[in-house]
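Note: the block below is protein.cif and it holds mmCIF, C-alpha atoms.
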data_my_file
loop_
_atom_site.label_atom_id
_atom_site.label_comp_id
_atom_site.auth_asym_id
_atom_site.auth_seq_id
_atom_site.Cartn_x
_atom_site.Cartn_y
_atom_site.Cartn_z
CA MET A 1 -24.54 0.77 17.30
CA SER A 2 -23.06 -0.87 14.27
CA THR A 3 -24.80 -3.85 12.78
CA GLU A 4 -21.85 -4.45 10.49
CA SER A 5 -19.57 -7.34 11.22
CA THR A 6 -16.63 -9.17 9.76
CA LEU A 7 -16.88 -12.20 7.51
CA ASN A 8 -15.16 -15.40 8.53
CA HIS A 9 -14.27 -18.34 6.34
CA PRO A 10 -13.65 -21.26 8.72
CA GLY A 11 -13.59 -23.85 5.90
CA ASN A 12 -11.10 -21.93 3.76
CA THR A 13 -8.01 -23.77 2.54
CA HIS A 14 -5.36 -21.11 3.06
CA PRO A 15 -2.21 -21.61 0.96
CA ARG A 16 0.74 -22.56 3.19
CA THR A 17 3.53 -21.63 0.80
CA PHE A 18 4.27 -19.02 -1.87
CA THR A 19 3.05 -20.29 -5.21
CA GLN A 20 2.63 -19.28 -8.84
CA ALA A 21 -0.68 -21.13 -8.91
CA GLN A 22 -3.94 -19.25 -9.36
CA LEU A 23 -5.50 -18.35 -6.00
CA GLU A 24 -8.80 -16.85 -4.98
CA TRP A 25 -9.30 -14.18 -2.34
CA ARG A 26 -12.04 -14.06 0.32
CA PRO A 27 -13.01 -10.73 1.91
CA TRP A 28 -13.27 -10.19 5.67
CA LEU A 29 -15.66 -7.26 5.17
CA GLU A 30 -18.83 -7.20 3.10
CA PRO A 31 -18.22 -6.09 -0.49
CA LEU A 32 -20.93 -4.18 -2.32
CA ARG A 33 -23.27 -6.46 -4.23
CA GLU A 34 -23.05 -6.24 -8.00
CA ASP A 35 -26.61 -4.91 -8.16
CA GLU A 36 -25.67 -2.10 -5.75
CA LEU A 37 -22.99 -0.68 -8.04
CA THR A 38 -23.75 2.77 -9.43
CA GLU A 39 -22.10 4.66 -12.24
CA ARG A 40 -19.74 6.21 -9.74
CA HIS A 41 -18.70 2.79 -8.46
CA PHE A 42 -18.06 1.63 -12.02
CA ALA A 43 -15.95 4.74 -12.59
CA GLY A 44 -13.84 3.63 -9.60
CA LEU A 45 -13.55 0.09 -10.93
CA VAL A 46 -12.30 1.49 -14.29
CA ASP A 47 -12.77 -1.93 -15.95
CA ALA A 48 -16.38 -3.11 -15.68
CA SER A 49 -15.14 -6.70 -15.49
CA ARG A 50 -13.68 -5.95 -12.06
CA ALA A 51 -17.26 -5.90 -10.74
CA ARG A 52 -17.00 -9.68 -10.54
CA SER A 53 -14.14 -9.48 -8.03
CA PRO A 54 -15.09 -9.32 -4.31
CA TYR A 55 -11.80 -7.46 -3.67
CA PHE A 56 -12.67 -4.66 -6.08
CA ARG A 57 -16.32 -4.58 -4.97
CA LEU A 58 -15.11 -4.08 -1.39
CA LEU A 59 -12.71 -1.30 -2.44
CA ALA A 60 -15.51 0.24 -4.54
CA ARG A 61 -17.11 1.36 -1.26
CA ASP A 62 -14.76 4.35 -1.65
CA PRO A 63 -14.87 4.69 -5.44
CA ASP A 64 -12.77 7.84 -5.88
CA ILE A 65 -9.61 6.54 -4.25
CA LEU A 66 -10.11 3.19 -5.98
CA GLY A 67 -10.33 4.91 -9.37
CA ALA A 68 -7.20 6.98 -8.82
CA ARG A 69 -5.36 3.96 -7.48
CA THR A 70 -6.35 1.77 -10.42
CA ARG A 71 -5.13 4.36 -12.92
CA THR A 72 -1.84 4.74 -11.04
CA ASP A 73 -1.42 0.97 -11.15
CA LYS A 74 -2.06 0.75 -14.89
CA ASP A 75 0.50 3.39 -15.84
CA ILE A 76 3.19 1.90 -13.60
CA PHE A 77 2.80 -1.62 -14.93
CA TYR A 78 1.28 -1.36 -18.41
CA ASN A 79 2.73 1.80 -19.96
CA PRO A 80 4.87 0.33 -22.78
CA GLU A 81 6.84 3.52 -23.46
CA ALA A 82 10.53 2.90 -22.65
CA GLY A 83 11.77 2.29 -19.12
CA LEU A 84 11.86 -1.13 -17.46
CA PRO A 85 10.71 -4.20 -19.42
CA ARG A 86 7.36 -5.53 -18.23
CA ALA A 87 8.86 -8.73 -16.81
CA GLU A 88 11.07 -6.72 -14.48
CA ARG A 89 8.28 -4.41 -13.34
CA GLU A 90 6.47 -7.60 -12.34
CA LEU A 91 9.65 -8.82 -10.64
CA SER A 92 9.75 -5.70 -8.47
CA ALA A 93 6.10 -6.32 -7.53
CA ALA A 94 6.73 -9.98 -6.77
CA ALA A 95 9.84 -9.19 -4.69
CA ALA A 96 8.02 -6.58 -2.58
CA SER A 97 5.11 -9.02 -2.10
CA ARG A 98 7.44 -11.88 -1.12
CA PHE A 99 9.20 -9.63 1.40
CA ASN A 100 5.99 -8.26 2.91
CA GLY A 101 4.51 -11.74 3.02
CA CYS A 102 1.53 -11.31 0.70
CA ILE A 103 0.99 -14.81 -0.68
CA TYR A 104 -1.86 -13.67 -2.93
CA CYS A 105 -0.08 -10.69 -4.55
CA ALA A 106 3.12 -12.71 -4.92
CA SER A 107 1.23 -15.45 -6.76
CA VAL A 108 -0.24 -13.06 -9.33
CA HIS A 109 2.92 -11.11 -10.04
CA ALA A 110 5.29 -14.07 -9.92
CA ARG A 111 3.05 -15.61 -12.58
CA PHE A 112 3.28 -12.44 -14.68
CA ALA A 113 7.05 -12.22 -14.18
CA SER A 114 7.39 -15.82 -15.38
CA HIS A 115 5.11 -15.23 -18.32
CA PHE A 116 6.98 -12.17 -19.59
CA SER A 117 10.52 -13.40 -18.83
CA GLN A 118 10.12 -17.15 -19.43
CA ARG A 119 12.33 -17.55 -16.34
CA THR A 120 9.77 -19.57 -14.37
CA ASP A 121 12.39 -21.48 -12.35
CA ASP A 122 14.17 -18.31 -11.23
CA VAL A 123 10.86 -16.77 -10.23
CA GLN A 124 9.99 -19.92 -8.30
CA ARG A 125 13.31 -19.68 -6.44
CA LEU A 126 12.39 -16.16 -5.36
CA LEU A 127 9.18 -17.64 -3.92
CA ASP A 128 10.81 -20.74 -2.38
CA GLU A 129 14.07 -19.32 -1.04
CA GLY A 130 12.93 -15.77 -0.44
CA VAL A 131 14.38 -12.44 -1.48
CA GLN A 132 17.99 -13.61 -0.89
CA ALA A 133 17.75 -16.11 -3.77
CA ASP A 134 20.53 -15.65 -6.32
CA LEU A 135 18.77 -14.80 -9.60
CA GLY A 136 21.70 -13.36 -11.52
CA ALA A 137 23.23 -9.89 -11.24
CA ARG A 138 20.52 -7.84 -12.93
CA TRP A 139 17.56 -9.47 -11.20
CA ASN A 140 19.43 -9.46 -7.88
CA ALA A 141 19.88 -5.69 -8.17
CA ILE A 142 16.16 -5.22 -8.90
CA VAL A 143 15.10 -7.49 -6.03
CA GLU A 144 17.53 -5.86 -3.58
CA ALA A 145 16.31 -2.38 -4.51
CA SER A 146 12.65 -3.44 -4.19
CA VAL A 147 13.27 -5.03 -0.81
CA ALA A 148 15.27 -2.08 0.56
CA LEU A 149 12.49 0.26 -0.50
CA SER A 150 9.87 -1.98 1.11
CA ALA A 151 11.56 -2.14 4.52
CA THR A 152 9.98 0.15 7.12
CA PRO A 153 11.80 2.43 7.64
CA SER A 154 13.15 2.17 4.12
CA THR A 155 16.84 1.42 3.62
CA PHE A 156 16.82 2.38 -0.06
CA GLY A 157 19.53 4.81 -1.08
CA PRO A 158 22.05 5.95 -3.70
CA ALA A 159 23.92 2.62 -3.52
CA HIS A 160 20.83 0.84 -4.88
CA VAL A 161 20.53 3.37 -7.69
CA ASP A 162 24.19 2.85 -8.56
CA ALA A 163 23.78 -0.94 -8.54
CA LEU A 164 20.83 -0.65 -10.94
CA ARG A 165 22.78 1.70 -13.22
CA ALA A 166 25.65 -0.80 -13.23
CA GLN A 167 23.18 -3.34 -14.63
CA GLY A 168 22.29 -1.04 -17.51
CA LEU A 169 19.09 0.52 -16.16
CA ASP A 170 18.56 4.14 -17.17
CA ASP A 171 16.83 6.66 -14.91
CA LEU A 172 13.34 5.90 -16.22
CA ALA A 173 13.89 2.17 -15.70
CA ILE A 174 15.11 2.85 -12.15
CA ALA A 175 12.05 5.02 -11.54
CA ASP A 176 9.95 2.08 -12.78
CA VAL A 177 11.60 -0.22 -10.22
CA VAL A 178 10.84 2.36 -7.53
CA HIS A 179 7.21 2.71 -8.60
CA GLY A 180 6.64 -1.03 -9.05
CA ALA A 181 7.92 -1.85 -5.58
CA ALA A 182 6.30 1.19 -3.98
CA PHE A 183 2.94 0.36 -5.52
CA PHE A 184 3.04 -3.13 -4.04
CA ASN A 185 3.54 -1.66 -0.63
CA TRP A 186 0.11 -0.18 -1.26
CA ALA A 187 -1.45 -3.32 -2.76
CA ASN A 188 0.02 -5.80 -0.25
CA ARG A 189 -1.41 -3.87 2.70
CA LEU A 190 -4.91 -3.96 1.25
CA MET A 191 -4.82 -7.59 0.20
CA LEU A 192 -3.31 -8.76 3.48
CA SER A 193 -5.58 -6.79 5.77
CA LEU A 194 -9.00 -6.95 4.12
CA GLY A 195 -9.21 -10.67 3.44
CA GLU A 196 -7.38 -13.94 2.92
CA PRO A 197 -6.16 -16.02 0.00
CA GLN A 198 -7.83 -19.27 -0.92
CA GLU A 199 -6.22 -22.28 -2.51
CA LEU A 200 -8.24 -23.74 -5.34
CA ALA A 201 -8.87 -27.45 -5.33
CA ALA A 202 -6.41 -29.28 -7.57
CA ALA A 203 -7.89 -29.88 -11.01
CA MET B 1 -17.00 17.41 15.35
CA ASN B 2 -13.47 16.98 16.15
CA ALA B 3 -10.83 19.35 17.46
CA VAL B 4 -7.85 17.83 15.75
CA VAL B 5 -7.51 20.50 13.04
CA SER B 6 -7.14 24.19 13.85
CA SER B 7 -8.74 25.38 10.61
CA PRO B 8 -9.87 23.76 7.38
CA PRO B 9 -6.79 22.20 5.82
CA VAL B 10 -5.27 24.22 3.02
CA LEU B 11 -4.57 21.71 0.32
CA GLN B 12 -1.48 22.22 -1.75
CA PRO B 13 -2.29 22.89 -5.40
CA VAL B 14 1.14 21.55 -6.28
CA ASP B 15 1.96 17.91 -6.74
CA VAL B 16 2.80 16.57 -3.28
CA ILE B 17 5.44 14.11 -4.46
CA ASP B 18 7.17 16.82 -6.53
CA GLN B 19 7.09 19.13 -3.54
CA LEU B 20 8.49 16.55 -1.09
CA VAL B 21 11.24 15.41 -3.46
CA GLY B 22 12.00 18.97 -4.54
CA ILE B 23 11.39 18.50 -8.26
CA ALA B 24 11.61 21.80 -10.16
CA PRO B 25 9.69 22.33 -13.40
CA GLY B 26 11.90 21.50 -16.35
CA SER B 27 14.39 19.49 -14.29
CA ALA B 28 15.52 16.04 -15.39
CA LEU B 29 13.23 14.38 -12.85
CA ASP B 30 10.30 16.52 -13.96
CA GLN B 31 10.83 15.26 -17.50
CA LEU B 32 11.19 11.73 -16.25
CA ARG B 33 7.92 11.90 -14.31
CA ALA B 34 6.26 13.38 -17.40
CA GLN B 35 6.93 10.07 -19.15
CA ARG B 36 4.58 8.42 -16.65
CA GLU B 37 2.05 11.23 -16.70
CA GLN B 38 -0.92 9.11 -15.56
CA ALA B 39 1.01 7.63 -12.65
CA ARG B 40 2.00 11.13 -11.60
CA THR B 41 -1.47 12.67 -12.02
CA GLN B 42 -3.29 9.76 -10.40
CA ALA B 43 -0.92 9.59 -7.42
CA GLN B 44 -1.87 13.22 -6.78
CA GLN B 45 -5.55 12.40 -7.42
CA SER B 46 -5.22 9.62 -4.84
CA TYR B 47 -3.92 12.12 -2.33
CA LEU B 48 -6.85 14.44 -3.09
CA ALA B 49 -9.42 11.62 -2.96
CA LEU B 50 -8.19 10.73 0.53
CA PHE B 51 -7.57 14.18 1.99
CA ALA B 52 -10.10 16.32 0.10
CA PRO B 53 -12.93 13.92 -0.81
CA THR B 54 -15.61 15.52 -2.95
CA ASP B 55 -18.57 14.38 -0.89
CA SER B 56 -19.62 12.09 1.88
CA VAL B 57 -20.50 9.08 -0.26
CA ALA B 58 -17.56 7.29 1.30
CA GLY B 59 -18.57 7.37 4.93
CA HIS B 60 -17.78 9.70 7.78
CA PHE B 61 -14.07 9.60 8.34
CA GLU B 62 -13.26 13.15 9.46
CA ILE B 63 -10.60 15.01 7.48
CA ALA B 64 -8.96 15.97 10.77
CA ASP B 65 -8.62 12.32 11.71
CA ARG B 66 -7.23 11.49 8.27
CA PHE B 67 -4.40 13.97 8.77
CA ALA B 68 -3.73 12.67 12.27
CA VAL B 69 -3.40 9.11 10.93
CA ALA B 70 -1.20 10.39 8.09
CA ALA B 71 1.12 12.27 10.44
CA PHE B 72 1.42 9.10 12.54
CA VAL B 73 2.11 6.88 9.51
CA ALA B 74 4.72 9.25 8.05
CA GLY B 75 6.37 9.47 11.46
CA LEU B 76 6.57 5.68 11.71
CA HIS B 77 8.34 5.66 8.34
CA ARG B 78 10.90 8.07 9.84
CA GLN B 79 10.57 10.54 7.03
CA PRO B 80 10.71 13.89 8.83
CA ASP B 81 9.80 16.02 5.80
CA VAL B 82 6.76 13.93 4.95
CA ALA B 83 5.72 13.80 8.60
CA ARG B 84 6.01 17.58 8.80
CA PHE B 85 3.88 17.96 5.67
CA TYR B 86 1.00 16.02 7.24
CA ARG B 87 1.55 17.36 10.78
CA GLU B 88 1.38 21.00 9.66
CA THR B 89 -2.37 20.64 9.37
CA LEU B 90 -2.85 19.46 12.94
CA ALA B 91 -3.83 21.93 15.61
CA GLY B 92 -1.13 23.33 17.88
CA LYS B 93 -0.07 21.48 20.95
CA GLY B 94 -2.41 18.69 21.98
CA VAL B 95 -2.83 16.40 19.02
CA ALA B 96 0.41 17.13 17.16
CA GLN B 97 2.41 16.51 20.31
CA ALA B 98 0.44 13.40 21.18
CA ILE B 99 1.05 12.04 17.66
CA GLU B 100 4.75 12.73 18.00
CA THR B 101 4.91 10.87 21.31
CA GLU B 102 2.95 7.97 19.84
CA VAL B 103 5.33 7.82 16.86
CA ALA B 104 8.20 7.36 19.29
CA ARG B 105 6.24 4.74 21.28
CA GLY B 106 5.34 2.89 18.09
CA ALA B 107 8.84 2.80 16.60
CA ALA B 108 9.65 -0.60 15.06
CA GLN B 109 11.22 -2.25 12.04
CA GLY B 110 9.05 -4.01 9.53
CA PRO B 111 7.88 -6.09 7.91
CA TYR B 112 7.43 -8.66 10.66
CA GLY B 113 4.61 -11.02 11.47
CA ARG B 114 3.39 -14.59 11.37
CA TYR B 115 2.53 -16.81 8.43
CA PRO B 116 -0.23 -19.42 8.46
CA GLU B 117 1.17 -22.43 10.27
CA GLY B 118 3.20 -24.61 7.95
CA PRO B 119 6.43 -24.49 5.95
CA LEU B 120 6.60 -20.70 6.17
CA SER B 121 6.48 -20.71 9.98
CA VAL B 122 10.29 -20.74 10.02
CA GLU B 123 10.07 -17.20 8.63
CA ASP B 124 7.78 -15.99 11.43
CA ASP B 125 9.19 -12.83 12.90
CA VAL B 126 7.42 -11.58 15.98
CA GLY B 127 7.39 -7.88 16.78
CA PRO B 128 5.53 -5.37 18.90
CA VAL B 129 1.75 -5.03 18.96
CA TYR B 130 0.94 -1.37 19.41
CA ALA B 131 -1.91 0.38 21.19
CA VAL B 132 -2.29 4.07 21.97
CA ASP B 133 -1.10 5.05 25.42
CA ASP B 134 -3.94 5.40 27.95
CA ALA B 135 -3.16 9.06 28.58
CA HIS B 136 -3.53 9.83 24.88
CA ARG B 137 -6.78 7.93 24.39
CA ALA B 138 -8.56 10.90 25.91
CA VAL B 139 -6.88 13.23 23.40
CA PHE B 140 -7.74 11.10 20.36
CA GLY B 141 -10.93 9.40 21.45
CA GLU B 142 -11.62 5.65 21.18
CA ARG B 143 -12.33 5.70 17.48
CA LEU B 144 -9.16 7.47 16.34
CA SER B 145 -7.12 5.47 18.87
CA ALA B 146 -8.35 2.26 17.25
CA GLY B 147 -7.55 3.73 13.83
CA LEU B 148 -3.98 4.49 14.89
CA ALA B 149 -3.49 0.96 16.22
CA HIS B 150 -4.71 -0.43 12.91
CA ALA B 151 -2.41 1.95 11.00
CA HIS B 152 0.55 0.61 13.01
CA LEU B 153 -0.42 -2.95 12.08
CA LEU B 154 -0.58 -2.04 8.39
CA VAL B 155 2.69 -0.11 8.43
CA PHE B 156 4.84 -2.71 10.16
CA HIS B 157 3.21 -6.14 10.18
CA PRO B 158 0.36 -6.41 7.70
CA ARG B 159 0.73 -10.18 7.54
CA ASP B 160 -0.57 -10.32 11.14
CA ALA B 161 -3.87 -8.81 9.92
CA SER B 162 -7.02 -10.69 10.87
CA PRO B 163 -10.81 -10.42 10.99
CA ALA B 164 -10.34 -9.69 14.71
CA ALA B 165 -8.33 -6.57 13.89
CA LEU B 166 -11.18 -5.35 11.68
CA GLN B 167 -13.73 -6.27 14.35
CA ALA B 168 -11.81 -4.06 16.80
CA LEU B 169 -12.35 -1.15 14.42
CA LEU B 170 -16.07 -1.93 14.05
CA ASP B 171 -16.35 -2.15 17.85
CA ALA B 172 -14.72 1.29 18.14
CA GLY B 173 -17.33 2.81 15.83
CA TRP B 174 -15.77 2.46 12.38
CA ARG B 175 -18.14 1.34 9.66
CA THR B 176 -17.16 -0.97 6.83
CA THR B 177 -16.81 1.77 4.22
CA GLU B 178 -14.74 3.92 6.57
CA ILE B 179 -12.43 0.98 7.23
CA VAL B 180 -11.89 0.70 3.47
CA THR B 181 -10.91 4.38 3.37
CA LEU B 182 -8.64 4.04 6.40
CA SER B 183 -6.92 1.05 4.81
CA GLN B 184 -6.48 2.90 1.52
CA LEU B 185 -5.09 5.93 3.33
CA VAL B 186 -2.42 4.01 5.23
CA ALA B 187 -1.56 1.85 2.23
CA PHE B 188 -1.42 4.85 -0.13
CA LEU B 189 1.02 6.59 2.21
CA ALA B 190 3.21 3.48 2.19
CA PHE B 191 3.38 4.05 -1.58
CA GLN B 192 3.72 7.83 -1.63
CA ILE B 193 6.51 7.84 0.95
CA ARG B 194 8.47 5.19 -0.96
CA VAL B 195 8.16 7.07 -4.24
CA VAL B 196 9.55 10.14 -2.48
CA ILE B 197 12.45 8.12 -1.03
CA GLY B 198 13.20 6.47 -4.37
CA LEU B 199 13.09 9.63 -6.45
CA ARG B 200 15.21 11.49 -3.92
CA ALA B 201 17.90 8.84 -4.20
CA LEU B 202 17.71 9.20 -7.97
CA VAL B 203 18.17 12.98 -7.70
CA THR B 204 21.21 12.71 -5.45
CA THR B 205 22.96 10.31 -7.82
CA SER B 206 22.07 12.06 -11.07
CA ALA B 207 25.10 12.66 -13.22
#

Let me see the structure of the file written as structure tokens.
Amino acid sequence: MSTESTLNHPGNTHPRTFTQAQLEWRPWLEPLREDELTERHFAGLVDASRARSPYFRLLARDPDILGARTRTDKDIFYNPEAGLPRAERELSAAAASRFNGCIYCASVHARFASHFSQRTDDVQRLLDEGVQADLGARWNAIVEASVALSATPSTFGPAHVDALRAQGLDDLAIADVVHGAAFFNWANRLMLSLGEPQELAAA
Amino acid sequence: MNAVVSSPPVLQPVDVIDQLVGIAPGSALDQLRAQREQARTQAQQSYLALFAPTDSVAGHFEIADRFAVAAFVAGLHRQPDVARFYRETLAGKGVAQAIETEVARGAAQGPYGRYPEGPLSVEDDVGPVYAVDDAHRAVFGERLSAGLAHAHLLVFHPRDASPAALQALLDAGWRTTEIVTLSQLVAFLAFQIRVVIGLRALVTTSA
């Protein structure tokens, strides 16, 4: 008989729209406590500072997959060597998150996309109008490719690759679009299914 | 123990994504993946962490059941080669056939689901809620049947997720840590399958 149960947050103020504002995240299952974390858990967290996050302390229950996942994430988004500019890797993440409906992930990566591109209004239109928003030819091609890849079953194909090439993306940049969107199909499913976003009180 | 696997799974020493895309050493795509060496290595490490975990620190989610869930998830993505890769490990008739039938029963188009009530409600898109067929519950058992239902939720309509969906897993005998692994497994496959699809499209259009 299991004594484990889910966590509920009846007083939580759940965001009702997509936003670039900072959100919190509340787990529906018990994370490890910080004082329970062993060396192996910290190896999974990769950055010790992630021990403060209930999301990462919940995922740390299976530290090996968390560690491999975290390192995959870092190379896809932070590797500065050639390929797609950082702003557009974040755009692929934000587009996949908007399409899948992950308000939390979309908030983080829309914020990053705005920060790196300085195109805050265009990013906000992606959030407000959805993935059909007209963001200019190059961004449209990236969003369309990310969305096609995120559909289940996927509708991504050679036409999307051609459209990205027509916007000047080389093969490594196209592979970065693929990986950015694909990775958020991983992240969105964890964030959406293991807890809920929380709106912070206005300052 | 569980009768889902005929023999201990033989894990491929080769990189699974390379194998499924058909990337030959020295090819243009091989060189391209080499430029994101960590992403490539750690995607494979993720596969190994899920399907060949080093010890039982992460709960008691049978390897056989992991492959059954994977075969189901790959089938729902309608990627026959990936589905075959995960199904090869399943024992002959019973389970493999039951998974195939359940893939057909679970067919849908995602993402769909409901948003929290408010301005986004206009984007609500209702779709099927899946449960394993009664006849197959005996083949899979209650616990794996609940795991397959949760996998379907994550594949097609993760925004319908809820504490109640997790409670259903706990009620079927899943523990918290095992639910984390199940969630990672389904979500990882959503990634792996899309990388395969994306890189394949890149291969077919290479000049």

* Atom-to-atom span, CA of Gln38 (chain B) and CA of Leu32 (chain A), Å ->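 Separating CA of Gln38 (chain B) from CA of Leu32 (chain A) is a distance of 27.4 Å.
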
* Considering all atoms listed in the file, extract the chain A residues located within 6 Å of chain B and return them as a ChimeraX atom specification. => /A:16,28,61-62,64-65,68,72,75,100,151-153,157-158,178,182-183,185-186,189,192-193

* To do: Mind checking which residues fall within 9 Å of Leu37 (chain A), counting all atoms listed in the file, ignoring those fewer than 4 positions away in the same chain, and posting them as a ChimeraX atom specification?
  => /A:32-33,41-42,51,57,60

* To do: I would like the residues chosen by the PyMOL selection byres ((chain A and resi 90) around 12) on the shown file; could you give them as an NGL selection string?
  => :A and (73 or 76-78 or 84-89 or 91-97 or 105-117 or 123 or 139 or 142-143 or 146 or 176-181 or 183-184)

* Asked: Between CA of Asp55 (chain B) and CA of Pro63 (chain A), what is the distance, to one decimal in Å?
  ->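 It comes out at 11.3 Å.
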
* Minimum-distance residue to Gln22 (chain A), chosen among A:Tyr55, A:Tyr104, A:Phe156, A:Phe99 (using only C-alpha atoms) ->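 Selected residue with least distance to Gln22 (chain A): A:Tyr104.
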
* Pick from A:Leu59, A:Phe18, A:Ser150, A:Thr6: nearest to Glu129 (chain A), with all atoms listed in the file counted? -> A:Phe18

Starting from the shown file, work through the PyMOL selection byres ((chain A and resi 165) around 12) and note down what comes out as a compact mmCIF listing (two decimals) with C-alpha atoms, in the coordinates of the input.
# COMPACT_ATOMS: atom_id res chain seq x y z
CA ALA A 137 23.23 -9.89 -11.24
CA ARG A 138 20.52 -7.84 -12.93
CA ALA A 141 19.88 -5.69 -8.17
CA ILE A 142 16.16 -5.22 -8.90
CA ALA A 145 16.31 -2.38 -4.51
CA PRO A 158 22.05 5.95 -3.70
CA ALA A 159 23.92 2.62 -3.52
CA HIS A 160 20.83 0.84 -4.88
CA VAL A 161 20.53 3.37 -7.69
CA ASP A 162 24.19 2.85 -8.56
CA ALA A 163 23.78 -0.94 -8.54
CA LEU A 164 20.83 -0.65 -10.94
CA ALA A 166 25.65 -0.80 -13.23
CA GLN A 167 23.18 -3.34 -14.63
CA GLY A 168 22.29 -1.04 -17.51
CA LEU A 169 19.09 0.52 -16.16
CA ASP A 170 18.56 4.14 -17.17
CA ASP A 171 16.83 6.66 -14.91
CA LEU A 172 13.34 5.90 -16.22
CA ALA A 173 13.89 2.17 -15.70
CA ILE A 174 15.11 2.85 -12.15
CA ALA A 175 12.05 5.02 -11.54
CA VAL A 177 11.60 -0.22 -10.22
CA LEU B 202 17.71 9.20 -7.97
CA THR B 205 22.96 10.31 -7.82
CA SER B 206 22.07 12.06 -11.07
CA ALA B 207 25.10 12.66 -13.22

* Could you work out how far CA of Pro128 (chain B) lies from CA of Asp65 (chain B), giving the answer in Å with one decimal? -> 23.8 Å

Do you know which residues the PyMOL selection byres ((chain A and resi 14) around 9) returns on this file, as a PDB file with C-alpha atoms, in the frame of the given file?
ATOM      1  CA  ASN A  12     -11.100 -21.930   3.760  1.00  0.00           C
ATOM      2  CA  THR A  13      -8.010 -23.770   2.540  1.00  0.00           C
ATOM      3  CA  PRO A  15      -2.210 -21.610   0.960  1.00  0.00           C
ATOM      4  CA  ARG A  16       0.740 -22.560   3.190  1.00  0.00           C
ATOM      5  CA  GLU A 196      -7.380 -13.940   2.920  1.00  0.00           C
ATOM      6  CA  PRO A 197      -6.160 -16.020   0.000  1.00  0.00           C
ATOM      7  CA  GLN A 198      -7.830 -19.270  -0.920  1.00  0.00           C
ATOM      8  CA  GLU A 199      -6.220 -22.280  -2.510  1.00  0.00           C
TER       9      GLU A 199
ATOM     10  CA  PRO B 116      -0.230 -19.420   8.460  1.00  0.00           C
TER      11      PRO B 116
END

Specify the axis-aligned box that encloses all atoms of region 74-77 of chain B listed in the file after padding of 5 Å on each side, stating its centre and edge lengths in Å to one decimal as AutoDock Vina command-line options.
--center_x 6.5 --center_y 7.6 --center_z 9.9 --size_x 13.6 --size_y 13.8 --size_z 13.7

* Tell me, as a count of residues only, which residues lie within 10 Å of Ile99 (chain B), counting all atoms listed in the file; anything in the same chain fewer than 5 positions away does not count. => 17
